[in-house]
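Trainee: Just passing along the structure, written as structure tokens.
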Amino acid sequence: MRLRNLVARRLTLAAIVVLSSSCTPMTVRLVPGADRVKLTENTSDVAGCKVVGNVAVVLGRDDLRFREDLLRNRTVGLDGNTVFLTTSYEGVAYRCP
């Protein structure tokens with residue numbers, strides 16, 4: 001009987017941990033310099049800038065801040081400082097003066 005109670009308590013605790021962790025929002029830690037990456041949908045903002053690559057978020061998260069932070073991190077990884085957004089999930093990374 002004591003063993004059954006112990007197992008039941010552990011299963012309950014495990015269920016609480018799983019359920020509570022699935023409700024907490026995921027966060028992205030910005031890499032150094034990512035806080036200065038500009039996101040834009042305006043083509044004139046990237047006129048005269050050099051394309052350094054494409055950036056995209058493959059996760060289907062609805063959290064806009066999460067997606068933007070991932071795009072910023074990926075842009076820094078390409079040595080860019082501006083993202084021209086083609087959708088809310090992807091864009092073109094640029095290095096602007």
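Chain labels follow the order of the structure tokens: the first chain is A, the next B, and so on; residue numbering restarts at 1 in every chain, and ligands are counted from 1 in their shown order.
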At a cut-off of 7 Å, using only C-alpha atoms, what residues contact region 77-84 of chain A? Leave out same-chain residues fewer than 4 positions from it and give the result as a count of residues only.
Mentor: 14
Trainee: Which residues in region 38-70 of chain A does DSSP call strand (DSSP E or B)? List them as a short mmCIF file (atom, residue, chain, number, x, y, z; two decimals) with all heavy atoms, in the first residue's frame.
Mentor:
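Writing the result to selection_36.cif gives the following:
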```cif
data_model
loop_
_atom_site.label_atom_id
_atom_site.label_comp_id
_atom_site.auth_asym_id
_atom_site.auth_seq_id
_atom_site.Cartn_x
_atom_site.Cartn_y
_atom_site.Cartn_z
N LYS A 38 17.91 45.62 -36.81
CA LYS A 38 16.67 46.29 -37.19
C LYS A 38 15.82 45.35 -38.04
O LYS A 38 16.34 44.71 -38.96
CB LYS A 38 17.00 47.56 -37.98
CG LYS A 38 15.79 48.31 -38.47
CD LYS A 38 16.23 49.55 -39.24
CE LYS A 38 15.02 50.32 -39.72
NZ LYS A 38 15.40 51.56 -40.39
N LEU A 39 14.54 45.27 -37.74
CA LEU A 39 13.59 44.52 -38.55
C LEU A 39 12.77 45.53 -39.34
O LEU A 39 12.28 46.51 -38.78
CB LEU A 39 12.68 43.67 -37.68
CG LEU A 39 13.35 42.63 -36.78
CD1 LEU A 39 12.33 41.93 -35.92
CD2 LEU A 39 14.12 41.63 -37.61
N THR A 40 12.61 45.29 -40.64
CA THR A 40 11.89 46.25 -41.46
C THR A 40 11.11 45.54 -42.56
O THR A 40 11.45 44.43 -42.97
CB THR A 40 12.85 47.29 -42.07
OG1 THR A 40 12.08 48.26 -42.78
CG2 THR A 40 13.85 46.65 -43.01
N LYS A 50 24.24 45.51 -48.23
CA LYS A 50 24.73 44.27 -48.82
C LYS A 50 23.96 43.07 -48.26
O LYS A 50 23.83 42.92 -47.05
CB LYS A 50 26.21 44.11 -48.51
CG LYS A 50 26.81 42.84 -49.06
CD LYS A 50 28.26 42.68 -48.64
CE LYS A 50 28.76 41.33 -49.13
NZ LYS A 50 30.08 41.03 -48.62
N VAL A 51 23.45 42.24 -49.16
CA VAL A 51 22.77 41.01 -48.74
C VAL A 51 23.81 40.05 -48.18
O VAL A 51 24.84 39.80 -48.80
CB VAL A 51 22.03 40.35 -49.92
CG1 VAL A 51 21.44 39.01 -49.51
CG2 VAL A 51 20.95 41.26 -50.47
N VAL A 52 23.52 39.50 -46.99
CA VAL A 52 24.43 38.51 -46.39
C VAL A 52 23.80 37.12 -46.28
O VAL A 52 24.49 36.17 -45.95
CB VAL A 52 24.96 38.99 -45.00
CG1 VAL A 52 25.84 40.21 -45.17
CG2 VAL A 52 23.83 39.27 -44.04
N GLY A 53 22.51 37.02 -46.55
CA GLY A 53 21.88 35.70 -46.52
C GLY A 53 20.41 35.76 -46.20
O GLY A 53 19.85 36.83 -45.93
N ASN A 54 19.79 34.60 -46.23
CA ASN A 54 18.39 34.47 -45.87
C ASN A 54 18.28 33.95 -44.44
O ASN A 54 19.11 33.15 -44.01
CB ASN A 54 17.67 33.51 -46.81
CG ASN A 54 17.60 34.05 -48.22
OD1 ASN A 54 17.40 35.23 -48.44
ND2 ASN A 54 17.79 33.17 -49.19
N VAL A 55 17.26 34.41 -43.73
CA VAL A 55 17.02 33.94 -42.37
C VAL A 55 15.56 33.49 -42.28
O VAL A 55 14.69 34.06 -42.92
CB VAL A 55 17.32 35.03 -41.31
CG1 VAL A 55 18.81 35.29 -41.21
CG2 VAL A 55 16.58 36.32 -41.61
N ALA A 56 15.35 32.46 -41.48
CA ALA A 56 14.00 31.93 -41.34
C ALA A 56 13.84 31.26 -39.98
O ALA A 56 14.82 30.84 -39.36
CB ALA A 56 13.70 30.92 -42.44
#
```
Trainee: Could you please determine the separation between CA of Arg36 (chain A) and CA of Arg65 (chain A) in Å, to one decimal place?
Mentor: 14.6 Å
Trainee: What does the distance from CA of Thr87 (chain A) to CA of Asn42 (chain A) come to in Å, to one decimal?
Mentor: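 Taking CA of Thr87 (chain A) and CA of Asn42 (chain A), their separation equals 12.5 Å.
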Trainee: Could you jot down the CA of Asp62 (chain A) to CA of Leu85 (chain A) separation for me, Å, one decimal place?
Mentor: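 One can read the CA of Asp62 (chain A) to CA of Leu85 (chain A) distance as 16.2 Å.
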Trainee: As a compact mmCIF listing (two decimals) with all heavy atoms, in the first residue's frame, please: the residues near Glu68 (chain A) (cut-off 9 Å, only C-alpha atoms, same-chain neighbours under 4 positions excluded).
Mentor:
```txt
# COMPACT_ATOMS: atom_id res chain seq x y z
N LEU A 39 14.54 45.27 -37.74
CA LEU A 39 13.59 44.52 -38.55
C LEU A 39 12.77 45.53 -39.34
O LEU A 39 12.28 46.51 -38.78
CB LEU A 39 12.68 43.67 -37.68
CG LEU A 39 13.35 42.63 -36.78
CD1 LEU A 39 12.33 41.93 -35.92
CD2 LEU A 39 14.12 41.63 -37.61
N VAL A 57 12.61 31.18 -39.56
CA VAL A 57 12.24 30.48 -38.34
C VAL A 57 11.36 29.32 -38.76
O VAL A 57 10.34 29.52 -39.40
CB VAL A 57 11.46 31.40 -37.38
CG1 VAL A 57 11.05 30.66 -36.13
CG2 VAL A 57 12.28 32.63 -37.04
N ASP A 63 4.16 33.28 -31.06
CA ASP A 63 4.76 34.36 -30.29
C ASP A 63 5.66 35.20 -31.19
O ASP A 63 6.75 34.79 -31.57
CB ASP A 63 5.55 33.76 -29.12
CG ASP A 63 6.13 34.81 -28.20
OD1 ASP A 63 5.97 36.01 -28.46
OD2 ASP A 63 6.77 34.41 -27.22
N LEU A 64 5.21 36.40 -31.54
CA LEU A 64 5.94 37.27 -32.45
C LEU A 64 7.31 37.62 -31.91
O LEU A 64 8.31 37.60 -32.63
CB LEU A 64 5.14 38.54 -32.74
CG LEU A 64 5.78 39.54 -33.69
CD1 LEU A 64 5.99 38.91 -35.07
CD2 LEU A 64 4.91 40.78 -33.80
N ARG A 72 16.73 37.85 -35.36
CA ARG A 72 17.84 38.73 -34.99
C ARG A 72 19.12 37.93 -34.74
O ARG A 72 20.20 38.29 -35.22
CB ARG A 72 17.48 39.54 -33.75
CG ARG A 72 16.55 40.68 -34.01
CD ARG A 72 16.32 41.51 -32.74
NE ARG A 72 15.61 42.73 -33.07
CZ ARG A 72 14.29 42.87 -32.97
NH1 ARG A 72 13.54 41.87 -32.55
NH2 ARG A 72 13.72 44.02 -33.30
N ASN A 73 19.02 36.86 -33.97
CA ASN A 73 20.20 36.02 -33.69
C ASN A 73 20.80 35.47 -34.97
O ASN A 73 22.02 35.46 -35.13
CB ASN A 73 19.82 34.87 -32.75
CG ASN A 73 19.68 35.31 -31.31
OD1 ASN A 73 20.07 36.41 -30.94
ND2 ASN A 73 19.12 34.44 -30.50
N SER A 88 6.37 36.95 -41.55
CA SER A 88 6.71 37.04 -40.13
C SER A 88 7.63 35.90 -39.70
O SER A 88 8.10 35.88 -38.58
CB SER A 88 5.44 37.07 -39.27
OG SER A 88 4.74 35.85 -39.41
N TYR A 89 7.89 34.95 -40.60
CA TYR A 89 8.74 33.80 -40.29
C TYR A 89 10.08 33.81 -41.03
O TYR A 89 10.93 32.99 -40.78
CB TYR A 89 8.03 32.48 -40.65
CG TYR A 89 6.92 32.14 -39.72
CD1 TYR A 89 5.61 32.54 -39.99
CD2 TYR A 89 7.16 31.44 -38.56
CE1 TYR A 89 4.58 32.24 -39.12
CE2 TYR A 89 6.15 31.12 -37.69
CZ TYR A 89 4.85 31.51 -37.98
OH TYR A 89 3.84 31.21 -37.11
```
Trainee: For Glu90 (chain A), which residue among A:Pro32, A:Gly48, A:Thr75, A:Thr27 is the nearest when counting only C-alpha atoms?
Mentor: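 Using only C-alpha atoms, Glu90 (chain A) sits closest to A:Thr75.
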